[in-house]
$ cat target_33.txt   # compact mmCIF, C-alpha atoms
# COMPACT_ATOMS: atom_id res chain seq x y z
CA MET A 1 11.19 38.25 1.49
CA SER A 2 8.14 39.42 3.33
CA ALA A 3 8.06 43.14 3.99
CA ALA A 4 7.53 42.88 7.72
CA GLN A 5 10.39 41.33 9.60
CA CYS A 6 9.46 39.33 12.64
CA ASP A 7 11.84 37.27 14.73
CA GLY A 8 9.17 34.77 15.68
CA GLY A 9 11.55 32.37 17.39
CA ALA A 10 12.74 35.02 19.84
CA LEU A 11 9.16 36.11 20.54
CA ILE A 12 7.98 32.57 21.26
CA THR A 13 10.96 32.08 23.56
CA ARG A 14 10.02 35.26 25.47
CA ILE A 15 6.47 33.94 25.83
CA ALA A 16 7.75 30.59 27.09
CA GLN A 17 10.19 32.11 29.58
CA ALA A 18 8.30 35.12 30.88
CA GLN A 19 4.68 34.93 29.68
CA ASP A 20 5.57 38.12 27.84
CA ARG A 21 2.32 39.66 26.59
CA ALA A 22 4.08 42.31 24.50
CA ALA A 23 5.93 39.55 22.65
CA PHE A 24 2.61 37.80 22.14
CA ALA A 25 1.02 40.95 20.71
CA GLU A 26 3.89 41.33 18.25
CA LEU A 27 3.67 37.69 17.20
CA PHE A 28 -0.09 38.01 16.86
CA ALA A 29 0.20 41.10 14.65
CA HIS A 30 2.48 39.25 12.25
CA TYR A 31 1.02 35.75 12.18
CA ALA A 32 -2.70 35.92 13.00
CA PRO A 33 -3.55 37.73 9.72
CA ARG A 34 -1.47 35.22 7.73
CA VAL A 35 -3.01 32.25 9.53
CA LYS A 36 -6.43 33.68 8.65
CA THR A 37 -5.45 33.80 4.96
CA LEU A 38 -4.12 30.24 5.14
CA LEU A 39 -7.41 29.02 6.62
CA VAL A 40 -9.54 30.89 4.09
CA ARG A 41 -7.49 29.43 1.26
CA SER A 42 -7.99 26.01 2.86
CA GLY A 43 -11.76 26.37 2.60
CA SER A 44 -12.86 28.12 5.82
CA THR A 45 -15.30 31.03 5.72
CA PRO A 46 -13.65 34.34 6.67
CA SER A 47 -15.46 34.45 10.03
CA ALA A 48 -14.57 30.85 10.90
CA ALA A 49 -10.99 31.52 9.78
CA GLU A 50 -10.77 34.58 12.02
CA GLU A 51 -12.10 32.61 14.98
CA LEU A 52 -9.69 29.75 14.34
CA ALA A 53 -6.73 32.10 13.79
CA GLN A 54 -7.31 33.44 17.31
CA GLU A 55 -7.46 29.90 18.66
CA VAL A 56 -4.20 29.13 16.88
CA MET A 57 -2.48 32.09 18.55
CA LEU A 58 -3.93 31.08 21.90
CA ALA A 59 -2.46 27.59 21.38
CA VAL A 60 0.89 29.22 20.52
CA TRP A 61 0.76 30.97 23.93
CA ARG A 62 -0.11 27.77 25.78
CA LYS A 63 2.35 25.53 23.98
CA ALA A 64 5.23 28.03 23.74
CA HIS A 65 7.35 26.02 26.18
CA TYR A 66 7.33 23.12 23.72
CA PHE A 67 8.86 25.23 20.96
CA ASP A 68 12.38 24.15 20.14
CA PRO A 69 14.15 26.55 17.77
CA LYS A 70 16.65 23.80 16.98
CA ARG A 71 13.84 21.68 15.50
CA ALA A 72 11.63 24.09 13.56
CA SER A 73 11.27 27.71 12.51
CA ALA A 74 8.58 29.76 14.23
CA ALA A 75 6.63 29.89 10.95
CA ALA A 76 6.75 26.10 10.49
CA TRP A 77 5.73 25.56 14.11
CA ILE A 78 2.80 27.98 13.90
CA PHE A 79 1.82 26.47 10.54
CA THR A 80 1.74 23.04 12.20
CA ILE A 81 -0.45 24.28 15.06
CA ALA A 82 -2.81 25.89 12.54
CA ARG A 83 -2.93 22.66 10.53
CA ASN A 84 -3.77 20.60 13.61
CA LEU A 85 -6.50 22.92 14.82
CA ARG A 86 -8.02 23.09 11.35
CA ILE A 87 -8.08 19.29 11.14
CA ASP A 88 -9.52 19.13 14.64
CA SER A 89 -12.29 21.54 13.72
CA LEU A 90 -13.15 19.37 10.72
CA ARG A 91 -12.98 16.03 12.45
CA ARG A 92 -12.81 15.93 16.19
CA GLY A 93 -10.21 13.93 17.98
CA SER A 94 -7.42 13.78 15.43
CA SER A 95 -5.03 15.92 17.43
CA ALA A 96 -3.61 12.91 19.26
CA LEU A 97 -2.40 11.72 15.91
CA TYR A 98 -0.35 14.79 15.06
CA ALA A 99 1.06 15.55 18.51
CA VAL A 100 4.38 14.03 17.56
CA ASP A 101 4.74 16.54 14.70
CA LEU A 102 4.89 19.49 17.03
CA ASN A 103 8.15 18.10 18.32
CA LEU A 104 6.50 17.87 21.70
CA GLY A 105 8.20 14.67 22.66
CA ALA A 106 11.43 14.66 24.59
CA GLU A 107 12.84 12.26 22.04
CA GLU A 108 16.13 12.77 20.27
CA PRO A 109 16.04 14.57 16.94
CA ALA A 110 15.67 11.95 14.23
CA GLN A 111 17.39 13.91 11.51
CA PRO A 112 21.02 14.44 10.63
CA ASP A 113 22.29 17.82 11.85
CA ALA A 114 22.60 19.46 8.45
CA ILE A 115 19.05 19.00 7.25
CA LEU A 116 17.70 19.79 10.70
CA SER A 117 19.56 23.05 11.13
CA GLY A 118 18.69 23.95 7.56
CA MET A 119 14.99 23.33 8.02
CA GLN A 120 14.76 25.43 11.15
CA ASP A 121 16.26 28.35 9.23
CA ALA A 122 13.30 30.01 7.51
CA GLN A 123 15.63 31.96 5.23
CA ILE A 124 17.29 28.81 3.91
CA VAL A 125 13.90 27.18 3.32
CA ARG A 126 12.74 30.24 1.44
CA SER A 127 15.89 30.32 -0.71
CA ALA A 128 15.42 26.62 -1.38
CA MET A 129 11.88 27.24 -2.58
CA GLN A 130 13.20 29.86 -4.98
CA THR A 131 15.43 27.29 -6.67
CA LEU A 132 12.42 25.24 -7.78
CA ASN A 133 11.16 25.65 -11.30
CA PRO A 134 7.69 27.26 -11.48
CA ASP A 135 5.94 23.95 -12.21
CA GLN A 136 7.44 22.33 -9.13
CA SER A 137 6.78 25.19 -6.73
CA GLN A 138 3.21 25.56 -8.04
CA ALA A 139 2.47 21.85 -7.50
CA ILE A 140 3.97 21.95 -3.99
CA GLU A 141 2.20 25.14 -2.95
CA MET A 142 -1.14 23.90 -4.26
CA ALA A 143 -0.80 20.85 -2.01
CA PHE A 144 -1.31 23.19 0.96
CA PHE A 145 -4.65 24.67 0.01
CA GLN A 146 -8.31 23.74 -0.15
CA GLU A 147 -7.93 20.09 0.77
CA GLN A 148 -6.49 19.60 -2.68
CA THR A 149 -5.95 16.03 -3.61
CA HIS A 150 -3.30 15.43 -6.20
CA SER A 151 -6.04 14.44 -8.68
CA GLN A 152 -7.73 17.81 -8.13
CA ILE A 153 -4.41 19.58 -8.68
CA SER A 154 -3.95 17.54 -11.83
CA GLU A 155 -7.36 18.66 -13.09
CA ALA A 156 -6.80 22.29 -12.16
CA LEU A 157 -3.45 22.39 -13.95
CA GLY A 158 -4.60 20.27 -16.88
CA VAL A 159 -1.65 17.89 -16.61
CA PRO A 160 -1.71 14.14 -15.90
CA LEU A 161 -1.70 12.95 -12.29
CA GLY A 162 1.67 11.28 -12.77
CA THR A 163 3.15 14.61 -13.83
CA VAL A 164 1.86 16.35 -10.69
CA LYS A 165 3.31 13.62 -8.50
CA ALA A 166 6.64 13.77 -10.32
CA ARG A 167 6.80 17.57 -9.95
CA ILE A 168 6.14 17.27 -6.21
CA ARG A 169 8.62 14.43 -5.81
CA PHE A 170 11.47 16.10 -7.70
CA GLY A 171 10.68 19.43 -6.07
CA MET A 172 10.88 17.90 -2.60
CA MET A 173 14.15 16.14 -3.42
CA LYS A 174 15.60 19.38 -4.76
CA LEU A 175 14.54 21.24 -1.59
CA ARG A 176 16.13 18.62 0.60
CA ALA A 177 19.39 18.62 -1.35
CA PHE A 178 19.59 22.42 -1.37
CA ILE A 179 18.88 22.72 2.35
CA GLU A 180 21.45 20.08 3.21
CA ARG A 181 24.05 21.83 1.07
CA GLU A 182 23.27 25.31 2.39
CA ALA A 183 23.28 24.23 6.01
CA GLY A 184 26.80 23.06 5.39
CA VAL A 185 27.33 19.37 5.67
CA ALA A 186 30.53 18.87 7.57
CA SER A 187 31.76 15.76 5.85
CA MET B 1 13.18 -0.33 -9.41
CA SER B 2 13.64 -1.40 -5.83
CA LEU B 3 10.67 -2.13 -3.64
CA ARG B 4 9.42 0.98 -1.89
CA ARG B 5 8.68 0.56 1.82
CA LEU B 6 7.94 4.16 2.76
CA PRO B 7 5.22 6.58 1.67
CA SER B 8 5.88 8.57 -1.50
CA GLU B 9 7.21 12.13 -1.14
CA GLU B 10 3.90 13.46 -2.45
CA ARG B 11 1.94 11.52 0.16
CA LEU B 12 4.29 12.77 2.89
CA LEU B 13 3.83 16.34 1.68
CA ALA B 14 0.04 15.89 1.80
CA TYR B 15 0.42 14.50 5.33
CA ALA B 16 2.48 17.53 6.38
CA ALA B 17 0.00 19.88 4.70
CA GLY B 18 -2.86 18.20 6.56
CA THR B 19 -4.75 17.25 3.42
CA LEU B 20 -4.63 13.46 3.70
CA SER B 21 -7.85 11.80 4.80
CA ALA B 22 -7.90 10.85 8.49
CA PRO B 23 -7.51 7.10 7.86
CA GLU B 24 -4.56 7.63 5.52
CA ALA B 25 -2.97 10.06 7.99
CA VAL B 26 -3.22 7.46 10.78
CA VAL B 27 -1.27 4.89 8.77
CA VAL B 28 1.35 7.43 7.65
CA ALA B 29 1.73 8.70 11.24
CA THR B 30 2.27 5.15 12.46
CA HIS B 31 5.02 4.68 9.89
CA LEU B 32 6.64 7.98 10.95
CA ALA B 33 6.55 6.92 14.61
CA LEU B 34 8.26 3.62 13.81
CA ARG B 35 10.66 5.03 11.19
CA PRO B 36 12.03 8.36 12.41
CA GLU B 37 14.30 8.58 9.36
CA THR B 38 11.26 9.16 7.11
CA ARG B 39 10.31 12.18 9.21
CA VAL B 40 12.80 14.27 7.25
CA TRP B 41 10.14 14.46 4.51
CA SER B 42 7.20 15.37 6.72
CA GLU B 43 9.32 17.90 8.62
CA LEU B 44 10.47 19.31 5.29
CA GLY B 45 6.79 19.60 4.36
CA GLN B 46 6.14 21.49 7.60
CA ALA B 47 9.11 23.77 6.92
CA VAL B 48 7.69 24.50 3.46
CA GLY B 49 4.31 25.11 5.12
CA GLY B 50 6.03 27.72 7.27
CA GLY B 51 7.46 29.35 4.14
CA VAL B 52 4.03 29.32 2.48
CA LEU B 53 2.46 30.87 5.61
CA GLU B 54 5.12 33.58 5.77
CA ASP B 55 4.54 34.58 2.13
CA LEU B 56 0.75 34.80 2.36
CA GLU B 57 -0.96 38.14 2.01
CA PRO B 58 -2.16 39.09 5.54
CA SER B 59 -5.98 39.25 5.95
CA ALA B 60 -7.56 42.07 7.92
CA LEU B 61 -8.78 40.98 11.35
CA GLY B 62 -11.85 42.33 13.08
CA ALA B 63 -11.38 45.20 15.53
CA GLY B 64 -10.52 43.87 18.95
CA ALA B 65 -9.24 40.47 17.72
CA LEU B 66 -6.00 40.88 19.64
CA ASP B 67 -7.74 42.15 22.80
CA LYS B 68 -10.19 39.27 22.67
CA THR B 69 -7.31 36.81 22.47
CA LEU B 70 -5.28 38.58 25.18
CA ALA B 71 -8.28 38.30 27.50
CA LEU B 72 -8.22 34.52 27.06
CA LEU B 73 -4.51 34.02 27.77
CA ASP B 74 -4.90 33.43 31.48
CA GLN B 75 -7.80 31.04 31.23
CA PRO B 76 -7.01 27.38 31.71
CA ALA B 77 -6.60 25.29 28.55
CA PRO B 78 -9.69 23.30 27.66
CA GLN B 79 -9.72 19.63 28.59
CA GLU B 80 -8.44 17.29 25.90
CA PRO B 81 -11.24 15.05 24.70
CA THR B 82 -11.23 11.96 26.84
CA VAL B 83 -11.12 8.43 25.49
CA ARG B 84 -12.10 5.36 27.45
CA LEU B 85 -8.70 4.07 28.49
CA ASP B 86 -9.99 0.52 28.87
CA LYS B 87 -10.77 0.61 25.15
CA THR B 88 -7.33 1.82 24.03
CA ASP B 89 -4.07 -0.09 23.76
CA PRO B 90 -1.03 1.66 25.30
CA THR B 91 1.36 -0.82 23.68
CA LEU B 92 0.56 0.47 20.19
CA PRO B 93 2.75 3.12 18.50
CA ALA B 94 2.00 6.65 19.79
CA PRO B 95 -0.31 7.79 16.95
CA LEU B 96 -2.68 4.87 17.65
CA ARG B 97 -2.77 5.15 21.44
CA GLY B 98 -5.41 7.87 21.52
CA PHE B 99 -8.04 5.87 19.66
CA GLU B 100 -10.65 3.54 21.07
CA LEU B 101 -10.60 0.12 19.49
CA GLY B 102 -13.40 -2.26 18.60
CA PRO B 103 -13.35 -5.90 19.71
CA TRP B 104 -11.10 -8.43 17.98
CA ARG B 105 -13.04 -10.45 15.44
CA TRP B 106 -12.23 -13.67 13.67
CA LEU B 107 -11.47 -13.39 9.97
CA GLY B 108 -10.44 -16.86 8.95
CA PRO B 109 -7.85 -19.25 10.41
CA GLY B 110 -5.16 -17.36 12.35
CA VAL B 111 -6.47 -13.98 11.25
CA ARG B 112 -8.09 -11.46 13.57
CA VAL B 113 -9.20 -7.91 12.92
CA ARG B 114 -10.39 -4.98 15.04
CA ASN B 115 -11.56 -1.50 14.10
CA VAL B 116 -9.73 1.66 15.11
CA LEU B 117 -12.67 3.85 16.01
CA GLY B 118 -12.80 7.47 14.92
CA PRO B 119 -10.76 8.09 11.80
CA ARG B 120 -13.18 7.73 8.88
CA ASP B 121 -13.56 9.32 5.51
CA GLY B 122 -16.62 8.09 3.65
CA ASP B 123 -16.06 4.36 3.26
CA CYS B 124 -12.42 4.61 4.25
CA ARG B 125 -11.55 3.48 7.76
CA VAL B 126 -8.69 2.06 9.83
CA ILE B 127 -8.31 -1.51 11.06
CA LEU B 128 -5.73 -3.50 12.97
CA LEU B 129 -4.99 -6.93 11.57
CA LYS B 130 -3.25 -9.70 13.49
CA ILE B 131 -2.11 -12.71 11.52
CA ALA B 132 -0.51 -15.82 13.02
CA PRO B 133 2.92 -17.04 11.84
CA GLY B 134 2.70 -18.92 8.55
CA GLN B 135 -0.86 -17.78 7.91
CA SER B 136 -2.19 -15.73 5.04
CA THR B 137 -5.24 -13.57 4.81
CA PRO B 138 -7.78 -14.95 2.38
CA ARG B 139 -6.86 -13.78 -1.13
CA HIS B 140 -8.57 -10.52 -1.76
CA THR B 141 -8.70 -7.64 -4.17
CA HIS B 142 -9.33 -4.07 -3.16
CA GLY B 143 -12.14 -1.71 -3.83
CA GLY B 144 -9.81 1.23 -3.30
CA VAL B 145 -6.34 2.10 -2.13
CA GLU B 146 -5.11 0.19 0.85
CA LEU B 147 -2.29 1.59 2.92
CA THR B 148 -0.64 -0.75 5.36
CA CYS B 149 2.04 -0.28 7.99
CA VAL B 150 3.58 -3.23 9.80
CA ILE B 151 3.68 -2.68 13.57
CA GLU B 152 5.16 -6.03 14.58
CA GLY B 153 6.40 -9.10 12.72
CA ALA B 154 6.71 -9.38 8.96
CA TYR B 155 4.74 -10.53 5.96
CA GLU B 156 5.60 -11.41 2.40
CA THR B 157 3.62 -10.58 -0.72
CA GLU B 158 4.24 -11.09 -4.43
CA SER B 159 6.39 -7.93 -4.23
CA GLY B 160 8.63 -8.80 -1.29
CA VAL B 161 8.95 -8.88 2.49
CA PHE B 162 7.54 -6.08 4.67
CA GLY B 163 8.87 -5.81 8.24
CA GLU B 164 8.37 -3.55 11.25
CA GLY B 165 7.65 0.03 10.24
CA ASP B 166 7.41 -0.79 6.52
CA PHE B 167 4.68 0.98 4.61
CA GLU B 168 2.89 -0.60 1.68
CA GLU B 169 0.58 1.03 -0.80
CA ALA B 170 -1.45 -1.74 -2.41
CA ASP B 171 -2.14 -1.62 -6.09
CA PRO B 172 -5.91 -2.08 -6.51
CA SER B 173 -5.37 -4.28 -9.55
CA VAL B 174 -3.23 -6.78 -7.66
CA LEU B 175 -4.63 -9.83 -5.95
CA HIS B 176 -3.23 -9.50 -2.48
CA GLN B 177 -2.38 -12.37 -0.21
CA PRO B 178 0.22 -11.48 2.37
CA ARG B 179 1.74 -14.44 4.22
CA VAL B 180 3.31 -13.98 7.64
CA VAL B 181 7.00 -14.93 7.63
CA SER B 182 7.93 -13.81 11.18
CA SER B 183 8.05 -16.22 14.10
CA LYS B 184 5.64 -14.03 16.07
CA PRO B 185 2.22 -12.88 14.87
CA CYS B 186 2.21 -9.98 12.46
CA LEU B 187 0.30 -6.90 13.60
CA CYS B 188 -0.56 -4.29 10.97
CA VAL B 189 -2.56 -1.10 10.75
CA ALA B 190 -4.35 -0.50 7.47
CA ALA B 191 -6.56 2.11 5.84
CA LEU B 192 -9.19 0.47 3.68
CA ASP B 193 -11.33 2.18 1.13
CA GLY B 194 -14.52 0.42 0.15
CA GLU B 195 -15.36 -3.18 0.75
CA ILE B 196 -12.70 -5.83 0.57
CA GLN B 197 -13.87 -8.28 -2.03
CA LEU B 198 -12.86 -11.78 -1.16
CA PRO B 199 -13.02 -13.67 -4.40
CA GLY B 200 -13.96 -17.30 -4.81
CA ARG B 201 -15.82 -19.77 -2.64
CA LEU B 202 -13.96 -18.94 0.56
CA GLY B 203 -14.93 -15.31 0.08
CA LYS B 204 -18.57 -16.22 -0.26
CA LEU B 205 -18.32 -18.48 2.74
CA LEU B 206 -16.70 -15.77 4.87
CA ALA B 207 -18.74 -12.85 3.63
CA PRO B 208 -21.46 -13.08 6.30
CA PHE B 209 -18.84 -13.10 9.08
CA VAL B 210 -16.37 -10.66 7.70
CA LYS B 211 -18.33 -7.42 7.51
CA LEU B 212 -15.16 -5.47 6.84
$ encode --input "target_33.txt" --output "structure tokens"
Amino acid sequence: MSAAQCDGGALITRIAQAQDRAAFAELFAHYAPRVKTLLVRSGSTPSAAEELAQEVMLAVWRKAHYFDPKRASAAAWIFTIARNLRIDSLRRGSSALYAVDLNLGAEEPAQPDAILSGMQDAQIVRSAMQTLNPDQSQAIEMAFFQEQTHSQISEALGVPLGTVKARIRFGMMKLRAFIEREAGVAS
Amino acid sequence: MSLRRLPSEERLLAYAAGTLSAPEAVVVATHLALRPETRVWSELGQAVGGGVLEDLEPSALGAGALDKTLALLDQPAPQEPTVRLDKTDPTLPAPLRGFELGPWRWLGPGVRVRNVLGPRDGDCRVILLKIAPGQSTPRHTHGGVELTCVIEGAYETESGVFGEGDFEEADPSVLHQPRVVSSKPCLCVAALDGEIQLPGRLGKLLAPFVKL
């Protein structure tokens, strides 16, 4: 659990419905500092990360009406915006590619209800991550930082590449199974 | 083990994390557009990304960071970078529509190729391949990993048949000669790393024209 509670979904909804600047300020206070850390750990300089974190929050304001709490948690949605802007800053013109991942399209959800409602629940995702063994969660978390390729992770951990891949694969399958179970599959 | 026709979980996690190279990401995104059922893995990766973000230690921001951002809220969003629409193909899957394309070029009987301009990573780049029914590409081995996603039609390799939306990760040690088994031409998007080496006399013959 993070110390500071923040109902990001409700705040984004207030921004979308009423251009609520107070809601934006609250969201900014919680997420901008974390987005900055994410970007620094992904290889940005602190000043570039700070600049980009502000751009990410600005994009959150502008795209708030696309946010669908039934498809993603606020944290996952903001993470995805940060990812896209980071990629864009590295190589221009890739944003077209990832647009579909922001759930911007009016298309029908592709996933079965259980996994979908589980994934949009940040608490369930967090509990799922706690069920992983340390090797699995380490391999999965490392995949998010510093443009790490799996070979680099393998070197850093001193284990064979195949082992890293297997840890990620089994970890991901475990997460999926846990989330589906927790979200209550009505069978 | 059954033939795998979707990206591995670890590649999908890297896609969600944003750490795949641009060419690889284009091919994975094409697969995800054509096969919504695979998106459970990339969306799971994004959900995990949200969890990772939430657990990070907050960094201090400069004084006035919030005010600076608040001051920008009412400004119009910047223009999206424009592409020359006459150089794009709106019939392609969504992830490919935003890219300008090079001209179709001949690559042997019944085989045409065009570059997807933009996504590059060193020697790695993206191409579209169109192969006529019954035709094969010249036998070739690979300098590096080749990722392929079938957009239309189907081809068969030593490993099996790949149809619309199927994703193939070529083994660099395998001599690759897909043959089109659909009644319409087979259109694929591929990420190539390094030069394709076309072995044998045909390869030598084609080399000056192929410039892949």
$ residues_near_point --input "target_33.txt" --point "(13.0, 21.4, -5.2)" --cutoff "10 Å" --atoms "all atoms listed in the file" --output "ChimeraX atom specification"
/A:128-133,136-137,140,167-179
$ residues_around --input "target_33.txt" --residues "segment 184-188 of chain B" --least-positions-apart "3" --cutoff "12 Å" --atoms "all atoms listed in the file" --output "ChimeraX atom specification"
/B:27,30-31,91-93,96,110-116,126-137,146-156,162-168,178-181,191
$ closest_residue --input "target_33.txt" --among "A:Ala143, A:Leu90, A:Ile153, A:Ile124" --to "chain B" --atoms "only C-alpha atoms"
A:Ala143
$ atom_distance --input "target_33.txt" --atom1 "atom CA of Pro69 of chain A" --atom2 "atom CA of Tyr15 of chain B"
22.1 Å
$ interface_residues --input "target_33.txt" --of "chain B" --to "chain A" --cutoff "7 Å" --atoms "all atoms listed in the file" --output "MDAnalysis selection string"
chainID B and resid 9:10 14 17:19 26 29 36:37 40 44 46:51 53:61 69 73 81 95 98
$ closest_residue --input "target_33.txt" --among "B:Lys87, B:Arg125, B:Arg5, B:His176" --to "Leu32 of chain B" --atoms "all atoms listed in the file"
B:Arg5
$ closest_residue --input "target_33.txt" --among "B:Ala25, B:Leu70, B:Ala190, B:Ala33" --to "Asp20 of chain A" --atoms "all atoms listed in the file"
B:Leu70
$ atom_distance --input "target_33.txt" --atom1 "atom CA of Asp7 of chain A" --atom2 "atom CA of Leu27 of chain A"
8.5 Å
$ residues_near_point --input "target_33.txt" --point "(5.4, 25.5, 29.1)" --cutoff "10 Å" --atoms "all atoms listed in the file" --output "ChimeraX atom specification"
/A:15-17,19,61-67
$ atom_distance --input "target_33.txt" --atom1 "atom CA of Ala65 of chain B" --atom2 "atom CA of Thr13 of chain A"
22.6 Å
